[in-house]
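*Asks:* Dumping the structure here so I can ask a few things about it.
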2 protein chains.
Amino acid sequence: MILAADNIRITNSIIQRAVNNMDTAQVQGMAVKLQTEGANWIDINPGPLKSDPEKKMEFLVNSIQEVTDIPIILDTTNPAAIKEGLIISKNKAIINGFSLEHDKLARILPLAAEFNADIIGYLLYSNGHPPSDTRERLSIAIELYQKCMEAGISENKLIIDPIVAPLLWNDGTKRNMELLKIIRMLPEILGFPVKIIAGLSNLTSGIKDNYKKNILQTAYLSMLSASGLTIVLMNMLNKHPVETAKACNLITRERPFSVFEL
Amino acid sequence: MILAADNIRITNSIIQRAVNNMDTAQVQGMAVKLQTEGANWIDINPGPLKSDPEKKMEFLVNSIQEVTDIPIILDTTNPAAIKEGLIISKNKAIINGFSLEHDKLARILPLAAEFNADIIGYLLYSNGHPPSDTRERLSIAIELYQKCMEAGISENKLIIDPIVAPLLWNDGTKRNMELLKIIRMLPEILGFPVKIIAGLSNLTSGIKDNYKKNILQTAYLSMLSASGLTIVLMNMLNKHPVETAKACNLITRERPFSVFEL
């Protein structure tokens with residue numbers, strides 16, 4: 001399981017200030033820290049970028065790739081900002097992402113073909129709503145795959161995000177248990193070892209108590225890992241879930257276990 | 001997932017002293033504490049009981065059932081002690097357990113039929129060795145089931161223990177990942193919702209660092225829970241794994257989630 005940091009996001013006030021002031025040192029300090037804590041990938045989420053999308057994305061990507069060469073996830077709905085990120089990325093860049101929504105198919109999906117980049121596809125209806133049962137989820141996954149094929153994107157570039165539901169939703173537990181099943185089924189249904197990503201923070205959205213959030217996140221993270229999740233997007237500065245993710249990687253691997261790697 | 005406490009065991013020096021001195025208060029204090037922490041069942045493991053097996057088992061069972069009416073698991077290889085426990089138990093008692101070993105089939109399995117008690121069957125060869133692949137595990141599970149049928153024990157009395165392997169074994173990770181698969185497969189293979197128990201402490205046997213033990217146990221516990229484990233046998237005085245078990249129960253249930261239940 002690849003550990004992707006979700007910490008560089010505009011909703012974090014430190015990052016917001018750094019982007020407004022073009023404060024390279026602040027972003028670089030964070031990026032180095034995330035890598036030290038074990039991040040394999042870094043997601044950058046600068047928001048919808050209504051003003052200066054290219055300039056802000058360039059600032060973030062350049063700041064980060066001056067201090068690390070790990071892959072960067074370009075996480076915005078702004079196609080111009082994604083394109084700028086792809087143009088200037090020296091290392092692997094991942095587009096986050098597309099769905100069956102018309103605008104995303106027309107303006108974001110083609111960028112993956114143009115730049116030969118990995119792209120995350122959300123398991124959502126074209127109206128942005130999440131499907132509510134296994135059959136519908138699988139049918140949307142097949143559609144996402146077909147859209148990639150039509151756009152000339154190779155199957156190993158597709159990363160599916162089945163969308164973790166908040167536990168506080170009325171059917172949150174049901175959705176998240178189905179999601180574990182979907183993760184196990186997708187490679188077989190699609191006929192290749194499709195990569196799958198999940199964002200962990202969504203699980204506990206609305207829950208205030210940090211201790212309970214951690215216990216719930218680590219429990220579900222371990223379930224995702226056992227189901228075969230490829231990439232987890234998570235807060236890499238939260239020690240307990242991060243160490244659980246590393247423990248999962250030791251438990252689920254085929255090689256002998258070594259306690260010194262934890 | 002039922003939470004069964006493994007704390008009342010002779011290897012715990014407090015329990016050893018209490019059994020030697022017939023110190024009822026000590027055992028009762030522990031039993032009440034375990035139930036307060038959320039234990040649904042209590043396992044009592046007085047060891048092989050070379051001297052006074054009936055007397056010691058009677059002391060433990062009576063001490064506990066004076067203060068709680070939760071089910072007690074009679075965890076010993078001594079058939080006379082198990083029989084005494086079954087005779088005096090006022091509440092549900094579970095025999096722990098039998099295997100394909102000749103002596104256990106001859107002297108322990110018949111007690112389940114005689115007292116209409118639940119019985120745990122170990123997924124082990126008759127020589128006590130654990131099987132090493134999925135096919136062998138399933139074939140032993142079927143044999144355990146058949147032995148129950150031949151002994152006149154109803155299928156809903158059987159609880160299978162697939163035996164968690166220590167991670168430090170050379171093939172520990174491989175065995176434990178297979179075990180998750182076995183737990184998912186057993187109900188389908190046997191054709192009924194067979195109950196399955198797993199002992200968590202075995203996972204980290206040989207690992208000294210308590211923090212790492214907890215991280216590893218909680219990760220694997222969550223995986224077991226998602227696979228459909230019925231009963232986990234664990235240290236109920238270890239806050240972090242216990243709260244994880246409760247979180248797993250909230251996540252895996254079909255009813256809406258409530259953070260106030262954690």
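Ordering of the structure tokens sets the chain letters (A, B, ...); residue numbers start at 1 within each chain; ligands are numbered from 1 in the order shown.
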Would you mind listing, as a ChimeraX atom specification, all residues of chain B that have at least one atom within 7 Å of chain A, where only C-alpha atoms are what counts?

*Replies:* /B:167-168,170-174,177,215-216,219,222-223,226,244,247-248,251-254,256-257

*Asks:* Near stretch 121-135 of chain A, counting only C-alpha atoms, which residues have an atom at most 9 Å away, once you skip same-chain residues fewer than 6 positions from it, shown as a list in words?

*Replies:*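 The neighbour list is Asn96, Gly97, Phe98, Ser99, Leu100, Glu101, His102, Ala141, Leu144, Tyr145, Leu158, Ile159, Ile160, Asp161, Pro162, Ile163, Ala165, Arg175, Glu178, Leu179, Lys181 and Ile182 of chain A.
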
*Asks:* Quick one: pick out all helix (DSSP H, G or I) residues within stretch 22-169 of chain B from a backbone DSSP run and write them as a PyMOL selection string.

*Replies:* chain B and resi 24-36+53-67+79-88+102-107+109-115+134-150+155-157

*Asks:* Emit the selected residues as a PDB file, in the first residue's frame, including C-alpha atoms.

*Replies:*
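out-v1.pdb was written with the following content:
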ATOM      1  CA  THR B  24     -12.157 -15.921  45.390  1.00  0.00           C
ATOM      2  CA  ALA B  25     -12.074 -12.131  45.769  1.00  0.00           C
ATOM      3  CA  GLN B  26      -9.066 -11.804  43.475  1.00  0.00           C
ATOM      4  CA  VAL B  27     -10.724 -13.820  40.677  1.00  0.00           C
ATOM      5  CA  GLN B  28     -14.050 -12.051  41.121  1.00  0.00           C
ATOM      6  CA  GLY B  29     -12.413  -8.624  41.033  1.00  0.00           C
ATOM      7  CA  MET B  30     -10.777  -9.552  37.739  1.00  0.00           C
ATOM      8  CA  ALA B  31     -14.019 -10.977  36.275  1.00  0.00           C
ATOM      9  CA  VAL B  32     -16.003  -7.850  37.133  1.00  0.00           C
ATOM     10  CA  LYS B  33     -13.297  -5.644  35.662  1.00  0.00           C
ATOM     11  CA  LEU B  34     -13.241  -7.660  32.421  1.00  0.00           C
ATOM     12  CA  GLN B  35     -16.984  -7.344  32.039  1.00  0.00           C
ATOM     13  CA  THR B  36     -16.824  -3.606  32.762  1.00  0.00           C
ATOM     14  CA  PRO B  53      -8.280 -30.572  38.314  1.00  0.00           C
ATOM     15  CA  GLU B  54     -11.935 -30.705  39.381  1.00  0.00           C
ATOM     16  CA  LYS B  55     -11.386 -28.670  42.532  1.00  0.00           C
ATOM     17  CA  LYS B  56      -9.501 -25.897  40.755  1.00  0.00           C
ATOM     18  CA  MET B  57     -11.956 -25.664  37.878  1.00  0.00           C
ATOM     19  CA  GLU B  58     -14.854 -25.611  40.323  1.00  0.00           C
ATOM     20  CA  PHE B  59     -13.178 -22.797  42.273  1.00  0.00           C
ATOM     21  CA  LEU B  60     -12.701 -20.686  39.112  1.00  0.00           C
ATOM     22  CA  VAL B  61     -16.148 -21.257  37.595  1.00  0.00           C
ATOM     23  CA  ASN B  62     -17.961 -20.740  40.896  1.00  0.00           C
ATOM     24  CA  SER B  63     -15.999 -17.607  41.729  1.00  0.00           C
ATOM     25  CA  ILE B  64     -16.848 -16.087  38.362  1.00  0.00           C
ATOM     26  CA  GLN B  65     -20.494 -17.081  38.146  1.00  0.00           C
ATOM     27  CA  GLU B  66     -21.153 -15.592  41.576  1.00  0.00           C
ATOM     28  CA  VAL B  67     -20.441 -12.130  40.137  1.00  0.00           C
ATOM     29  CA  PRO B  79     -11.159 -33.681  30.320  1.00  0.00           C
ATOM     30  CA  ALA B  80     -12.010 -34.174  34.012  1.00  0.00           C
ATOM     31  CA  ALA B  81     -11.693 -30.441  34.648  1.00  0.00           C
ATOM     32  CA  ILE B  82     -13.833 -29.621  31.593  1.00  0.00           C
ATOM     33  CA  LYS B  83     -16.497 -32.066  32.743  1.00  0.00           C
ATOM     34  CA  GLU B  84     -16.546 -30.554  36.234  1.00  0.00           C
ATOM     35  CA  GLY B  85     -16.855 -27.075  34.695  1.00  0.00           C
ATOM     36  CA  LEU B  86     -19.805 -28.220  32.568  1.00  0.00           C
ATOM     37  CA  ILE B  87     -21.519 -29.841  35.547  1.00  0.00           C
ATOM     38  CA  ILE B  88     -21.382 -26.750  37.737  1.00  0.00           C
ATOM     39  CA  HIS B 102      -7.161 -39.129  19.057  1.00  0.00           C
ATOM     40  CA  ASP B 103      -7.342 -38.377  22.796  1.00  0.00           C
ATOM     41  CA  LYS B 104      -9.348 -35.196  22.273  1.00  0.00           C
ATOM     42  CA  LEU B 105     -11.822 -36.930  19.959  1.00  0.00           C
ATOM     43  CA  ALA B 106     -12.230 -39.739  22.476  1.00  0.00           C
ATOM     44  CA  ARG B 107     -12.382 -37.788  25.741  1.00  0.00           C
ATOM     45  CA  LEU B 109     -15.620 -34.113  22.009  1.00  0.00           C
ATOM     46  CA  PRO B 110     -18.217 -36.423  23.655  1.00  0.00           C
ATOM     47  CA  LEU B 111     -18.607 -33.895  26.511  1.00  0.00           C
ATOM     48  CA  ALA B 112     -20.096 -31.380  24.059  1.00  0.00           C
ATOM     49  CA  ALA B 113     -22.793 -33.894  23.129  1.00  0.00           C
ATOM     50  CA  GLU B 114     -23.391 -34.941  26.743  1.00  0.00           C
ATOM     51  CA  PHE B 115     -23.830 -31.352  27.990  1.00  0.00           C
ATOM     52  CA  THR B 134      -5.867 -23.193   2.052  1.00  0.00           C
ATOM     53  CA  ARG B 135      -6.864 -26.573   0.668  1.00  0.00           C
ATOM     54  CA  GLU B 136      -5.528 -28.422   3.717  1.00  0.00           C
ATOM     55  CA  ARG B 137      -7.194 -25.999   6.118  1.00  0.00           C
ATOM     56  CA  LEU B 138     -10.557 -26.454   4.439  1.00  0.00           C
ATOM     57  CA  SER B 139     -10.199 -30.218   4.449  1.00  0.00           C
ATOM     58  CA  ILE B 140      -9.447 -30.219   8.203  1.00  0.00           C
ATOM     59  CA  ALA B 141     -12.431 -27.913   8.829  1.00  0.00           C
ATOM     60  CA  ILE B 142     -14.665 -30.412   7.044  1.00  0.00           C
ATOM     61  CA  GLU B 143     -13.221 -33.242   9.158  1.00  0.00           C
ATOM     62  CA  LEU B 144     -13.872 -31.306  12.378  1.00  0.00           C
ATOM     63  CA  TYR B 145     -17.451 -30.761  11.222  1.00  0.00           C
ATOM     64  CA  GLN B 146     -17.863 -34.452  10.372  1.00  0.00           C
ATOM     65  CA  LYS B 147     -16.519 -35.511  13.778  1.00  0.00           C
ATOM     66  CA  CYS B 148     -19.149 -33.274  15.394  1.00  0.00           C
ATOM     67  CA  MET B 149     -21.902 -34.794  13.276  1.00  0.00           C
ATOM     68  CA  GLU B 150     -20.743 -38.344  14.147  1.00  0.00           C
ATOM     69  CA  GLU B 155     -23.593 -27.736  13.675  1.00  0.00           C
ATOM     70  CA  ASN B 156     -24.482 -24.544  15.522  1.00  0.00           C
ATOM     71  CA  LYS B 157     -22.426 -25.792  18.495  1.00  0.00           C
TER      72      LYS B 157
END

*Asks:* Using DSSP on the backbone coordinates, identify the residues of stretch 23-203 of chain B assigned to strand (DSSP E); present them as a list in words.

*Replies:* Trp41, Ile42, Asp43, Ile44, Asn45, Ile72, Ile73, Leu74, Asp75, Ala93, Ile94, Ile95, Asn96, Gly97, Phe98, Asp118, Ile119, Ile120, Gly121, Tyr122, Leu158, Ile159, Ile160, Asp161, Lys195, Ile196, Ile197, Ala198 and Gly199 of chain B

*Asks:* Atom CA of B:Lys50 and atom CA of B:Gln16 are how many Å apart?

*Replies:*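 Between atom CA of B:Lys50 and atom CA of B:Gln16 the gap is 13.8 Å.
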
*Asks:* Within 8 Å of A:Ile95, counting only C-alpha atoms, which residues show up once you throw out same-chain ones fewer than 5 positions away? Write them as JSON, numbers by chain, please.

*Replies:* {"A": [73, 74, 75, 82, 112, 117, 118, 119, 120]}

*Asks:* Can you tell me which residues surround A:Asp69 at a distance of at most 9 Å, considering only C-alpha atoms, apart from same-chain residues fewer than 6 positions away, and format the answer as a CSV table (one decimal) with C-alpha atoms, in the first residue's frame?

*Replies:*
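Below you can see around25.csv, which holds the result:
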chain,number,residue,atom,x,y,z
A,90,LYS,CA,10.0,16.6,-13.4
A,91,ASN,CA,8.8,13.4,-11.6
A,92,LYS,CA,5.8,11.2,-11.8

*Asks:* To one decimal in Å, tell me the separation between atom CA of A:Leu229 and atom CA of B:Ser205.

*Replies:* 27.3 Å
